[in-house]
Amino acid sequence: MFHKKVKDVLEIYLVGELDEHASHYIRPKLDALIESESFSKMVIDFRELFFMDSTGVGVLIGRYKKLSQRQIPLFLKNPSAQIDRIFRMSGLYKIMPLTV
Amino acid sequence: MKRINKFKMEFDAISQNESFARGVVGAFLARLNPSIDEINDVKTAVSEAVTNAIVHGYEGRENGIITLSVLIDGMLATITIEDKGEGIPDIEKAKEPFYTTKPEEERSGMGFTVMESFMDSVEVRSGKKGTVVILKKELGKCFHMRRLSL
C-alpha cells in the first residue's frame with residue numbers, strides 16, 4: 001500500500017491482495033493515515049489490487065465510518081471486474097461512490 | 001486427459017494459509033483452461049469459505065485443521081472445505097446478506113452471498129462437530145458458448 005497527497009485529496013493505492021490476513025496490516029495503516037494527515041477527500045485506488053474477498057468490504061465500511069465522523073467523503077477508483085462485483089452486491093457505491 | 005482428477009490436503013487454520021488455499025485450488029483447476037474470470041470466481045469463493053472456517057469455525061484458535069479437497073469431473077469442479085470447529089447455529093441466517101455474528105470486528109456478513117454469486121451451487125452442512133461447505137462450478141462455459149456461436 002502507498003499513498004499520495006494531491007492538494008487536499010488523500011489518494012490511497014492498495015497493492016496485492018486484501019483478504020482477512022492482509023486486513024490485519026492494512027486496517028491499522030489506513031487508520032494511521034486518517035489520523036495523521038489533513039485532507040478533505042479520500043480516494044482509494046484498486047488498480048494494483050489483484051485479489052479481494054468480502055473482508056475488504058468490512059475494512060472499507062470501517063474506514064468510511066471513521067471518515068464520516070469528520071465529514072470527509074470516500075471514493076473508490078479502478079476496481080477489477082471481480083472486485084467491482086463484490087462492491088455492487090454489497091451496495092457499497094451508495095455510500096462511497098465510484099470515481100474516475 | 002483423465003476425466004476424473006482429485007486432491008485432498010489438510011492445513012492449519014491460520015490466516016496466512018488463506019492465500020495458499022485459494023492459490024492451490026486455482027493452480028489445480030488451471031489445467032482445465034478456464035477463463036481468468038472463472039478462476040477468480042472460484043478463488044474468491046474458496047477464500048470466503050476458508051476465512052469463515054478460521055474466523056468463525058475455530059474462532060481464531062490456531063490449533064484447528066482445515067481439510068480442502070477438489071474433485072474435477074470433466075469440466076465440473078467440486079471443492080469441499082471442512083473444519084472441526086464450532087459449527088453454524090443457523091445456516092439460513094448465516095447466508096443472509098450482511099448478517100454477521102462479529103460486527104465489532106468489521107465483518108461484512110457477505111461471505112455466503114459472495115460464494116453463492118460466484119459459484120453454481122453452495123451446500124452447507126453444519127453441526128456440533130464442525131462445518132462442511134461444498135462449492136460447485138462448471139468451468140469453460142464461456143469457451144463453449146464462444147465455440148457454439150462460431
# chains A, B, ... in the order shown; residues from 1 in each chain; ligands from 1
call {"tool": "closest_atom_pairs", "arguments": {"of": "chain A", "to": "chain B", "cutoff": "6 Å", "atoms": "only C-alpha atoms", "output": "Markdown table"}}
result
| residue | atom | partner | partner_atom | distance |
| --- | --- | --- | --- | --- |
| A:His21 | CA | B:Ser15 | CA | 4.9 |
| A:Asp53 | CA | B:Thr44 | CA | 5.7 |
| A:Ser54 | CA | B:Met110 | CA | 5.9 |
| A:Val57 | CA | B:Ser108 | CA | 5.9 |
| A:Gly58 | CA | B:Ser108 | CA | 4.4 |
call {"tool": "residues_around", "arguments": {"residues": "B:Met9", "least_positions_apart": "4", "cutoff": "7 Å", "atoms": "only C-alpha atoms", "output": "mmCIF file with N, CA and C atoms, in the first residue's frame"}}
result
data_model
loop_
_atom_site.group_PDB
_atom_site.id
_atom_site.type_symbol
_atom_site.label_atom_id
_atom_site.label_comp_id
_atom_site.auth_asym_id
_atom_site.auth_seq_id
_atom_site.Cartn_x
_atom_site.Cartn_y
_atom_site.Cartn_z
ATOM 1 N N THR B 67 -9.639 -29.110 6.154
ATOM 2 C CA THR B 67 -9.432 -30.092 5.079
ATOM 3 C C THR B 67 -10.019 -29.513 3.794
ATOM 4 N N LEU B 68 -9.200 -29.491 2.788
ATOM 5 C CA LEU B 68 -9.620 -28.940 1.489
ATOM 6 C C LEU B 68 -9.496 -30.044 0.453
ATOM 7 N N SER B 69 -10.564 -30.302 -0.285
ATOM 8 C CA SER B 69 -10.425 -31.266 -1.371
ATOM 9 C C SER B 69 -11.087 -30.719 -2.626
#
call {"tool": "select_by_dssp", "arguments": {"residues": "chain B", "states": "helix (DSSP H, G or I)", "output": "JSON, numbers by chain"}}
result
{"B": [17, 18, 19, 20, 21, 22, 23, 24, 25, 26, 27, 28, 29, 30, 31, 32, 36, 37, 38, 39, 40, 41, 42, 43, 44, 45, 46, 47, 48, 49, 50, 51, 52, 53, 54, 55, 56, 57, 91, 92, 93, 94, 95, 103, 104, 105, 111, 112, 113, 114, 115, 116, 117, 118, 141, 142, 143, 144, 145, 146, 147, 148, 149]}
call {"tool": "residues_around", "arguments": {"residues": "A:Arg63", "least_positions_apart": "4", "cutoff": "8 Å", "atoms": "only C-alpha atoms", "output": "PyMOL selection string"}}
result
chain A and resi 30-31+59+67
call {"tool": "write_last_selection", "arguments": {"atoms": "C-alpha atoms", "output": "JSON list (two decimals), in the first residue's frame"}}
result
[["chain", "number", "residue", "atom", "x", "y", "z"],
["A", 30, "LEU", "CA", -5.21, 3.21, 6.87],
["A", 31, "ASP", "CA", -6.24, 4.40, 10.32],
["A", 59, "VAL", "CA", -12.43, -2.85, 6.05],
["A", 67, "LEU", "CA", -14.18, 9.43, 7.89]]
call {"tool": "residues_around", "arguments": {"residues": "A:Ala81", "least_positions_apart": "5", "cutoff": "12 Å", "atoms": "only C-alpha atoms", "output": "PyMOL selection string"}}
result
(chain A and resi 46-47+49-52+86-88) or (chain B and resi 36-38+40-41)
call {"tool": "write_last_selection", "arguments": {"atoms": "all heavy atoms", "output": "compact mmCIF listing (two decimals), in the first residue's frame"}}
result
# COMPACT_ATOMS: atom_id res chain seq x y z
N PHE A 46 -7.81 0.92 -6.61
CA PHE A 46 -7.65 -0.55 -6.57
C PHE A 46 -6.89 -1.09 -7.78
O PHE A 46 -6.86 -2.30 -7.99
CB PHE A 46 -9.04 -1.22 -6.51
CG PHE A 46 -9.76 -0.93 -5.22
CD1 PHE A 46 -10.46 0.25 -5.05
CD2 PHE A 46 -9.73 -1.84 -4.17
CE1 PHE A 46 -11.11 0.54 -3.86
CE2 PHE A 46 -10.38 -1.57 -2.97
CZ PHE A 46 -11.07 -0.37 -2.83
N ARG A 47 -6.28 -0.22 -8.58
CA ARG A 47 -5.68 -0.69 -9.84
C ARG A 47 -4.59 -1.74 -9.62
O ARG A 47 -4.36 -2.59 -10.47
CB ARG A 47 -5.16 0.48 -10.67
CG ARG A 47 -3.83 1.07 -10.20
CD ARG A 47 -3.42 2.24 -11.05
NE ARG A 47 -4.32 3.38 -10.82
CZ ARG A 47 -4.22 4.55 -11.48
NH1 ARG A 47 -3.30 4.71 -12.40
NH2 ARG A 47 -5.02 5.53 -11.20
N LEU A 49 -4.56 -3.80 -6.94
CA LEU A 49 -5.04 -4.85 -6.03
C LEU A 49 -5.60 -5.98 -6.90
O LEU A 49 -6.61 -5.81 -7.57
CB LEU A 49 -6.13 -4.30 -5.11
CG LEU A 49 -6.47 -5.23 -3.93
CD1 LEU A 49 -5.36 -5.19 -2.87
CD2 LEU A 49 -7.79 -4.85 -3.28
N PHE A 50 -4.93 -7.12 -6.93
CA PHE A 50 -5.39 -8.16 -7.85
C PHE A 50 -6.29 -9.20 -7.19
O PHE A 50 -6.85 -10.05 -7.87
CB PHE A 50 -4.22 -8.83 -8.58
CG PHE A 50 -3.21 -9.48 -7.69
CD1 PHE A 50 -3.38 -10.78 -7.27
CD2 PHE A 50 -2.06 -8.79 -7.29
CE1 PHE A 50 -2.46 -11.38 -6.46
CE2 PHE A 50 -1.13 -9.40 -6.47
CZ PHE A 50 -1.33 -10.70 -6.05
N PHE A 51 -6.47 -9.12 -5.88
CA PHE A 51 -7.44 -10.01 -5.23
C PHE A 51 -8.07 -9.33 -4.02
O PHE A 51 -7.38 -8.69 -3.23
CB PHE A 51 -6.78 -11.33 -4.78
CG PHE A 51 -7.76 -12.25 -4.11
CD1 PHE A 51 -8.53 -13.12 -4.87
CD2 PHE A 51 -7.96 -12.22 -2.74
CE1 PHE A 51 -9.48 -13.94 -4.27
CE2 PHE A 51 -8.91 -13.03 -2.13
CZ PHE A 51 -9.66 -13.89 -2.90
N MET A 52 -9.39 -9.48 -3.90
CA MET A 52 -10.07 -9.03 -2.69
C MET A 52 -11.29 -9.92 -2.46
O MET A 52 -11.98 -10.28 -3.41
CB MET A 52 -10.54 -7.58 -2.84
CG MET A 52 -11.03 -6.95 -1.54
SD MET A 52 -12.02 -5.44 -1.80
CE MET A 52 -13.63 -6.18 -2.09
N ILE A 86 -18.16 -7.48 -6.21
CA ILE A 86 -18.34 -7.55 -4.75
C ILE A 86 -18.87 -6.22 -4.22
O ILE A 86 -19.77 -6.18 -3.38
CB ILE A 86 -17.02 -7.97 -4.06
CG1 ILE A 86 -16.64 -9.39 -4.49
CG2 ILE A 86 -17.14 -7.88 -2.54
CD1 ILE A 86 -15.30 -9.87 -3.98
N PHE A 87 -18.34 -5.11 -4.75
CA PHE A 87 -18.82 -3.79 -4.33
C PHE A 87 -20.29 -3.61 -4.67
O PHE A 87 -21.07 -3.09 -3.89
CB PHE A 87 -18.01 -2.67 -5.00
CG PHE A 87 -16.61 -2.53 -4.47
CD1 PHE A 87 -15.62 -1.91 -5.23
CD2 PHE A 87 -16.26 -3.02 -3.21
CE1 PHE A 87 -14.32 -1.77 -4.74
CE2 PHE A 87 -14.96 -2.89 -2.72
CZ PHE A 87 -14.00 -2.26 -3.50
N ARG A 88 -20.67 -4.06 -5.89
CA ARG A 88 -22.06 -3.90 -6.33
C ARG A 88 -23.01 -4.74 -5.49
O ARG A 88 -24.06 -4.26 -5.07
CB ARG A 88 -22.21 -4.26 -7.81
CG ARG A 88 -21.67 -3.17 -8.70
CD ARG A 88 -21.81 -3.43 -10.18
NE ARG A 88 -20.93 -2.53 -10.92
CZ ARG A 88 -21.20 -1.25 -11.14
NH1 ARG A 88 -22.34 -0.74 -10.74
NH2 ARG A 88 -20.32 -0.49 -11.76
N ILE B 36 -9.94 -16.47 -16.96
CA ILE B 36 -9.38 -15.82 -15.76
C ILE B 36 -10.51 -15.46 -14.80
O ILE B 36 -10.38 -15.61 -13.59
CB ILE B 36 -8.56 -14.57 -16.17
CG1 ILE B 36 -7.30 -15.02 -16.91
CG2 ILE B 36 -8.19 -13.73 -14.95
CD1 ILE B 36 -6.54 -13.91 -17.59
N ASP B 37 -11.65 -15.02 -15.36
CA ASP B 37 -12.79 -14.68 -14.50
C ASP B 37 -13.28 -15.89 -13.72
O ASP B 37 -13.61 -15.79 -12.54
CB ASP B 37 -13.95 -14.11 -15.35
CG ASP B 37 -13.69 -12.67 -15.72
OD1 ASP B 37 -12.77 -12.06 -15.15
OD2 ASP B 37 -14.43 -12.16 -16.59
N GLU B 38 -13.34 -17.04 -14.40
CA GLU B 38 -13.82 -18.25 -13.71
C GLU B 38 -12.89 -18.64 -12.56
O GLU B 38 -13.33 -18.99 -11.48
CB GLU B 38 -13.92 -19.42 -14.70
CG GLU B 38 -15.11 -19.31 -15.64
CD GLU B 38 -15.12 -20.37 -16.72
OE1 GLU B 38 -14.04 -20.84 -17.14
OE2 GLU B 38 -16.21 -20.75 -17.15
N ASN B 40 -10.88 -16.65 -10.94
CA ASN B 40 -11.04 -15.64 -9.87
C ASN B 40 -12.32 -15.86 -9.07
O ASN B 40 -12.33 -15.67 -7.86
CB ASN B 40 -11.03 -14.23 -10.47
CG ASN B 40 -9.62 -13.78 -10.82
OD1 ASN B 40 -8.65 -14.28 -10.25
ND2 ASN B 40 -9.51 -12.87 -11.76
N ASP B 41 -13.40 -16.26 -9.75
CA ASP B 41 -14.65 -16.56 -9.05
C ASP B 41 -14.42 -17.66 -8.02
O ASP B 41 -14.82 -17.55 -6.86
CB ASP B 41 -15.72 -17.06 -10.04
CG ASP B 41 -16.30 -15.96 -10.90
OD1 ASP B 41 -15.92 -14.79 -10.68
OD2 ASP B 41 -17.12 -16.26 -11.80
call {"tool": "select_by_dssp", "arguments": {"residues": "chain B", "states": "strand (DSSP E)", "output": "MDAnalysis selection string"}}
result
chainID B and resid 4:12 65:73 76:83 121:127 130:138
call {"tool": "atom_distance", "arguments": {"atom1": "atom CA of A:Ser90", "atom2": "atom CA of A:Phe39"}}
result
26.7 Å
call {"tool": "atom_distance", "arguments": {"atom1": "atom CA of A:Thr99", "atom2": "atom CA of A:Tyr25"}}
result
25.4 Å
call {"tool": "atom_distance", "arguments": {"atom1": "atom CA of B:Ile81", "atom2": "atom CA of B:Gly64"}}
result
13.1 Å
call {"tool": "residues_around", "arguments": {"residues": "B:Ile66", "least_positions_apart": "4", "cutoff": "7 Å", "atoms": "only C-alpha atoms", "output": "list in words"}}
result
Glu10, Phe11, Asp12, Ala13, Ile81, Glu82 and Asp83 of chain B
call {"tool": "write_last_selection", "arguments": {"atoms": "N, CA, C and O atoms", "output": "CSV table (one decimal), in the first residue's frame"}}
result
chain,number,residue,atom,x,y,z
B,10,GLU,N,-4.7,-31.2,4.1
B,10,GLU,CA,-5.0,-30.6,5.4
B,10,GLU,C,-4.0,-29.4,5.6
B,10,GLU,O,-2.8,-29.5,5.3
B,11,PHE,N,-4.5,-28.4,6.2
B,11,PHE,CA,-3.6,-27.3,6.6
B,11,PHE,C,-4.1,-26.6,7.9
B,11,PHE,O,-5.3,-26.7,8.3
B,12,ASP,N,-3.2,-25.9,8.6
B,12,ASP,CA,-3.5,-25.3,9.8
B,12,ASP,C,-4.5,-24.1,9.5
B,12,ASP,O,-4.3,-23.4,8.5
B,13,ALA,N,-5.4,-23.9,10.4
B,13,ALA,CA,-6.4,-22.9,10.3
B,13,ALA,C,-5.9,-21.5,10.8
B,13,ALA,O,-6.3,-21.0,11.8
B,81,ILE,N,-14.6,-27.7,1.6
B,81,ILE,CA,-13.8,-27.1,2.7
B,81,ILE,C,-14.5,-27.5,4.0
B,81,ILE,O,-15.7,-27.3,4.3
B,82,GLU,N,-13.7,-28.2,4.9
B,82,GLU,CA,-14.2,-28.8,6.1
B,82,GLU,C,-13.4,-28.4,7.3
B,82,GLU,O,-12.2,-28.4,7.3
B,83,ASP,N,-14.2,-28.0,8.4
B,83,ASP,CA,-13.5,-27.7,9.6
B,83,ASP,C,-14.1,-28.5,10.7
B,83,ASP,O,-15.3,-29.0,10.6
call {"tool": "residues_around", "arguments": {"residues": "B:Thr78", "least_positions_apart": "5", "cutoff": "9 Å", "atoms": "only C-alpha atoms", "output": "JSON, numbers by chain"}}
result
{"B": [69, 70, 71, 72, 73, 134, 135, 136, 137, 138]}
call {"tool": "write_last_selection", "arguments": {"atoms": "C-alpha atoms", "output": "short mmCIF file (atom, residue, chain, number, x, y, z; two decimals), in the first residue's frame"}}
result
data_model
loop_
_atom_site.label_atom_id
_atom_site.label_comp_id
_atom_site.auth_asym_id
_atom_site.auth_seq_id
_atom_site.Cartn_x
_atom_site.Cartn_y
_atom_site.Cartn_z
CA SER B 69 -10.43 -31.27 -1.37
CA VAL B 70 -11.05 -30.66 -5.04
CA LEU B 71 -12.64 -33.09 -7.48
CA ILE B 72 -12.62 -32.43 -11.19
CA ASP B 73 -15.14 -34.44 -13.20
CA ILE B 134 -19.31 -27.80 -0.86
CA LEU B 135 -18.80 -25.41 -3.77
CA LYS B 136 -19.53 -26.44 -7.36
CA LYS B 137 -18.83 -24.73 -10.64
CA GLU B 138 -18.89 -25.86 -14.25
#
call {"tool": "residues_around", "arguments": {"residues": "A:Leu33", "least_positions_apart": "5", "cutoff": "10 Å", "atoms": "only C-alpha atoms", "output": "PDB file with N, CA, C and O atoms, in the first residue's frame"}}
result
ATOM      1  N   HIS A   3       0.593   5.855  -0.613  1.00  0.00           N
ATOM      2  CA  HIS A   3      -0.372   6.951  -0.715  1.00  0.00           C
ATOM      3  C   HIS A   3       0.271   8.210  -1.271  1.00  0.00           C
ATOM      4  O   HIS A   3       1.492   8.351  -1.280  1.00  0.00           O
ATOM      5  N   LEU A  10      -6.453  12.853  -0.280  1.00  0.00           N
ATOM      6  CA  LEU A  10      -5.560  11.766   0.114  1.00  0.00           C
ATOM      7  C   LEU A  10      -5.868  10.556  -0.774  1.00  0.00           C
ATOM      8  O   LEU A  10      -6.972  10.011  -0.736  1.00  0.00           O
ATOM      9  N   ILE A  12      -5.106   6.741  -1.761  1.00  0.00           N
ATOM     10  CA  ILE A  12      -4.530   5.504  -1.231  1.00  0.00           C
ATOM     11  C   ILE A  12      -4.481   4.491  -2.369  1.00  0.00           C
ATOM     12  O   ILE A  12      -5.474   4.296  -3.079  1.00  0.00           O
ATOM     13  N   PRO A  28      -4.821  -1.009  10.313  1.00  0.00           N
ATOM     14  CA  PRO A  28      -4.097  -0.008  11.125  1.00  0.00           C
ATOM     15  C   PRO A  28      -3.319   1.013  10.294  1.00  0.00           C
ATOM     16  O   PRO A  28      -3.199   2.177  10.700  1.00  0.00           O
ATOM     17  N   SER A  38      -3.919  15.617   6.974  1.00  0.00           N
ATOM     18  CA  SER A  38      -5.029  16.562   6.904  1.00  0.00           C
ATOM     19  C   SER A  38      -5.523  16.599   5.452  1.00  0.00           C
ATOM     20  O   SER A  38      -4.745  16.859   4.532  1.00  0.00           O
TER      21      SER A  38
END
